[in-house]
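Chemist: Structure file input.pdb (PDB, C-alpha atoms) is given on the next line.
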```pdb
ATOM      1  CA  MET A 123     -63.375  -4.194  18.851
ATOM      2  CA  THR A 124     -63.051  -2.514  15.449
ATOM      3  CA  ILE A 125     -63.178   0.924  17.046
ATOM      4  CA  ALA A 126     -60.361  -0.084  19.414
ATOM      5  CA  LEU A 127     -58.190  -1.264  16.508
ATOM      6  CA  ILE A 128     -58.866   1.916  14.518
ATOM      7  CA  SER A 129     -58.080   4.054  17.570
ATOM      8  CA  LEU A 130     -54.852   2.146  18.125
ATOM      9  CA  ALA A 131     -53.864   2.569  14.474
ATOM     10  CA  VAL A 132     -54.538   6.323  14.650
ATOM     11  CA  LEU A 133     -52.459   6.652  17.832
ATOM     12  CA  VAL A 134     -49.566   4.747  16.264
ATOM     13  CA  ALA A 135     -49.778   6.878  13.117
ATOM     14  CA  LEU A 136     -49.755  10.097  15.189
ATOM     15  CA  TRP A 137     -46.828   8.845  17.268
ATOM     16  CA  LEU A 138     -44.827   7.992  14.123
ATOM     17  CA  PHE A 139     -45.722  11.356  12.591
ATOM     18  CA  PHE A 140     -44.355  13.232  15.622
ATOM     19  CA  ILE A 141     -41.154  11.186  15.704
ATOM     20  CA  ILE A 142     -40.479  11.804  12.017
ATOM     21  CA  ALA A 143     -41.410  15.492  12.308
ATOM     22  CA  ARG A 144     -39.052  15.955  15.259
ATOM     23  CA  ARG A 145     -36.129  14.442  13.333
ATOM     24  CA  HIS A 146     -36.730  16.724  10.373
ATOM     25  CA  SER A 147     -37.662  19.841  12.323
ATOM     26  CA  GLY A 148     -34.528  21.645  11.249
ATOM     27  CA  GLU A 149     -32.632  21.070  14.448
ATOM     28  CA  VAL A 150     -29.021  21.854  13.731
ATOM     29  CA  LYS A 151     -26.760  19.220  15.144
ATOM     30  CA  GLU A 152     -23.319  20.251  16.253
ATOM     31  CA  ALA A 153     -20.748  19.150  13.731
ATOM     32  CA  GLU A 154     -18.309  16.499  14.771
ATOM     33  CA  PRO A 155     -14.792  17.867  14.992
ATOM     34  CA  SER A 156     -12.671  16.973  12.002
ATOM     35  CA  CYS A 157      -9.045  15.973  12.153
ATOM     36  CA  ALA A 158      -8.176  19.302  10.566
ATOM     37  CA  SER A 159      -9.489  21.063  13.665
ATOM     38  CA  CYS A 160      -8.266  18.516  16.216
ATOM     39  CA  ASN A 161      -5.847  20.252  18.579
ATOM     40  CA  GLY A 162      -4.902  17.246  20.710
ATOM     41  CA  HIS A 163      -6.757  18.457  23.817
ATOM     42  CA  ASP A 164      -9.845  16.329  23.142
ATOM     43  CA  ASP A 165      -8.769  12.728  23.781
ATOM     44  CA  ARG A 166     -11.563  11.244  21.658
ATOM     45  CA  CYS A 167     -10.702  13.488  18.706
ATOM     46  CA  TYR A 168      -6.976  12.796  19.099
ATOM     47  CA  GLN A 169      -7.515   9.031  19.263
ATOM     48  CA  GLN A 170      -9.843   9.010  16.260
ATOM     49  CA  CYS A 171      -7.475  11.166  14.207
ATOM     50  CA  SER A 172      -4.489   9.039  15.211
ATOM     51  CA  MET A 173      -6.292   5.911  14.013
ATOM     52  CA  GLU A 174      -7.284   7.659  10.797
ATOM     53  CA  ALA A 175      -3.720   8.838  10.231
ATOM     54  CA  ALA A 176      -2.382   5.326  10.789
ATOM     55  CA  ILE A 177      -4.079   4.063   7.658
ATOM     56  CA  GLN A 178      -2.944   6.965   5.499
ATOM     57  CA  ALA A 179       0.403   7.417   3.810
ATOM     58  CA  PRO A 180       2.814   9.368   6.024
ATOM     59  CA  GLU A 181       3.132  13.060   5.365
ATOM     60  CA  TYR A 182       6.648  14.323   4.681
ATOM     61  CA  PHE A 183       7.974  17.606   6.064
ATOM     62  CA  ASP A 184      10.871  18.030   3.660
ATOM     63  CA  ASP A 185      12.648  15.389   5.740
ATOM     64  CA  GLU A 186      13.028  12.448   3.374
ATOM     65  CA  GLU A 187      16.691  12.188   4.389
ATOM     66  CA  LEU A 188      15.580  10.960   7.826
ATOM     67  CA  ASP A 189      14.184   7.763   6.255
ATOM     68  CA  ARG A 190      17.671   6.277   6.448
ATOM     69  CA  PHE A 191      17.181   6.084  10.241
ATOM     70  CA  ARG A 192      14.211   3.724   9.897
ATOM     71  CA  GLY A 193      14.472   0.954  12.501
ATOM     72  CA  ARG A 194      17.173   2.648  14.571
ATOM     73  CA  ARG A 195      16.616   2.838  18.328
ATOM     74  CA  ALA A 196      16.225   6.262  19.943
ATOM     75  CA  THR A 197      19.397   5.761  22.001
ATOM     76  CA  ASP A 198      21.617   4.935  19.007
ATOM     77  CA  TYR A 199      22.012   8.417  17.469
ATOM     78  CA  ASP A 200      25.198  10.452  17.667
ATOM     79  CA  GLU A 201      25.156  14.246  18.101
ATOM     80  CA  GLU A 202      25.475  14.961  14.369
ATOM     81  CA  GLU A 203      22.486  12.744  13.539
ATOM     82  CA  THR A 204      20.452  14.284  16.353
ATOM     83  CA  GLU A 205      21.245  17.697  14.904
ATOM     84  CA  GLU A 206      19.634  16.626  11.596
ATOM     85  CA  PHE A 207      16.367  15.964  13.453
ATOM     86  CA  ARG A 208      16.714  19.231  15.377
ATOM     87  CA  GLN A 209      17.211  21.170  12.145
ATOM     88  CA  VAL A 210      13.961  19.785  10.706
ATOM     89  CA  LEU A 211      12.129  20.355  14.001
ATOM     90  CA  TYR A 212      13.038  24.028  14.263
ATOM     91  CA  THR A 213      12.194  24.827  10.638
ATOM     92  CA  MET A 214       8.542  23.812  11.005
ATOM     93  CA  GLN A 215       5.638  25.633  12.572
ATOM     94  CA  GLN A 216       4.767  24.656  16.110
ATOM     95  CA  LYS A 217       1.342  23.363  15.074
ATOM     96  CA  GLU A 218       3.054  20.875  12.717
ATOM     97  CA  VAL A 219       5.198  19.202  15.401
ATOM     98  CA  ALA A 220       2.602  16.600  16.456
ATOM     99  CA  ASP A 221       1.930  15.732  12.801
ATOM    100  CA  TRP A 222       5.665  15.371  12.202
ATOM    101  CA  CYS A 223       5.960  12.979  15.164
ATOM    102  CA  ARG A 224       3.071  10.946  13.782
ATOM    103  CA  SER A 225       4.763  10.876  10.379
ATOM    104  CA  LEU A 226       8.027   9.636  11.878
ATOM    105  CA  THR A 227       6.187   6.919  13.795
ATOM    106  CA  LEU A 228       4.374   5.737  10.673
ATOM    107  CA  ARG A 229       7.696   5.628   8.851
ATOM    108  CA  GLY A 230       9.325   3.541  11.611
ATOM    109  CA  ILE A 231      11.687   6.302  12.723
ATOM    110  CA  GLU A 232      12.319   6.905  16.420
ATOM    111  CA  VAL A 233      13.180  10.439  17.506
ATOM    112  CA  PRO A 234      16.593  10.649  19.189
ATOM    113  CA  GLU A 235      16.196  10.349  22.945
ATOM    114  CA  THR A 236      18.197  13.530  23.583
ATOM    115  CA  LEU A 237      15.727  15.528  21.466
ATOM    116  CA  ARG A 238      12.512  14.255  23.043
ATOM    117  CA  ASP A 239      12.291  16.851  25.823
ATOM    118  CA  GLU A 240      12.528  19.697  23.301
ATOM    119  CA  LEU A 241       9.972  17.985  21.115
ATOM    120  CA  PHE A 242       7.439  17.538  23.928
ATOM    121  CA  MET A 243       7.901  21.141  25.109
ATOM    122  CA  LEU A 244       7.073  22.384  21.608
ATOM    123  CA  MET A 245       4.008  20.146  21.438
ATOM    124  CA  GLU A 246       2.675  21.338  24.819
ATOM    125  CA  ASP A 247       2.939  25.076  24.155
TER     126      ASP A 247
END
```
Represent the supplied structure as structure tokens.
Modeler:
Amino acid sequence: MTIALISLAVLVALWLFFIIARRHSGEVKEAEPSCASCNGHDDRCYQQCSMEAAIQAPEYFDDEELDRFRGRRATDYDEEETEEFRQVLYTMQQKEVADWCRSLTLRGIEVPETLRDELFMLMED
């Protein structure tokens, strides 16, 4: 009976040793993508980064003047106001467009409806 218990204890110790050794064997795990490298094509990455961005302060793109449109519906802009959005849109880099949209959303600003097609085309390219 004692020999059986000792044998069992040795087997358990060996099993634990191999499990611990395997975890620390230097296997390099692939790094999780960060929001800095998220390109919007990976849905999981995009969703995680969107949730992370929602709890952060909105980033401004030299567009503080657009804050006066907070709470306005997308269909309520005239052509001159839409042109203000267009001017900001076409002065930024294409890779910043999705971040700008996120910033506007966090600030409670809807993009003018007549500008949305241009905006989505820039985001898809």
Chemist: To one decimal in Å, tell me the separation between atom CA of Met245 of chain A and atom CA of Arg190 of chain A.
Modeler: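 Atom CA of Arg190 of chain A lies at a distance of 24.6 Å from atom CA of Met245 of chain A.
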Chemist: Set the distance at 9 Å and use only C-alpha atoms: which residues neighbour Leu226 of chain A once local chain neighbours fewer than 2 positions away are removed? I'd like the list as an mmCIF file with C-alpha atoms, in the coordinates of the input.
Modeler:
```cif
data_model
loop_
_atom_site.group_PDB
_atom_site.id
_atom_site.type_symbol
_atom_site.label_atom_id
_atom_site.label_comp_id
_atom_site.auth_asym_id
_atom_site.auth_seq_id
_atom_site.Cartn_x
_atom_site.Cartn_y
_atom_site.Cartn_z
ATOM 1 C CA PRO A 180 2.814 9.368 6.024
ATOM 2 C CA GLU A 181 3.132 13.060 5.365
ATOM 3 C CA TYR A 182 6.648 14.323 4.681
ATOM 4 C CA LEU A 188 15.580 10.960 7.826
ATOM 5 C CA ASP A 189 14.184 7.763 6.255
ATOM 6 C CA ARG A 192 14.211 3.724 9.897
ATOM 7 C CA ASP A 221 1.930 15.732 12.801
ATOM 8 C CA TRP A 222 5.665 15.371 12.202
ATOM 9 C CA CYS A 223 5.960 12.979 15.164
ATOM 10 C CA ARG A 224 3.071 10.946 13.782
ATOM 11 C CA LEU A 228 4.374 5.737 10.673
ATOM 12 C CA ARG A 229 7.696 5.628 8.851
ATOM 13 C CA GLY A 230 9.325 3.541 11.611
ATOM 14 C CA ILE A 231 11.687 6.302 12.723
ATOM 15 C CA GLU A 232 12.319 6.905 16.420
ATOM 16 C CA VAL A 233 13.180 10.439 17.506
#
```
Chemist: Just to confirm, what's the straight-line distance from atom CA of Arg166 of chain A to atom CA of Val210 of chain A in Å (one decimal)?
Modeler: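 Value for the atom CA of Arg166 of chain A-atom CA of Val210 of chain A distance: 29.1 Å.
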Chemist: Nearest residue to Asp239 of chain A out of A:Arg208, A:Thr124, A:Glu174, A:Thr227, using only C-alpha atoms?
Modeler: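 Going through A:Arg208, A:Thr124, A:Glu174, A:Thr227 one by one, the smallest distance to Asp239 of chain A is for A:Arg208.
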Chemist: Report the residues retrieved by the PyMOL selection byres ((chain A and resi 216) around 10) from the displayed file, expressed as a PyMOL selection string.
Modeler: chain A and resi 211-215+217-221+241+244-247
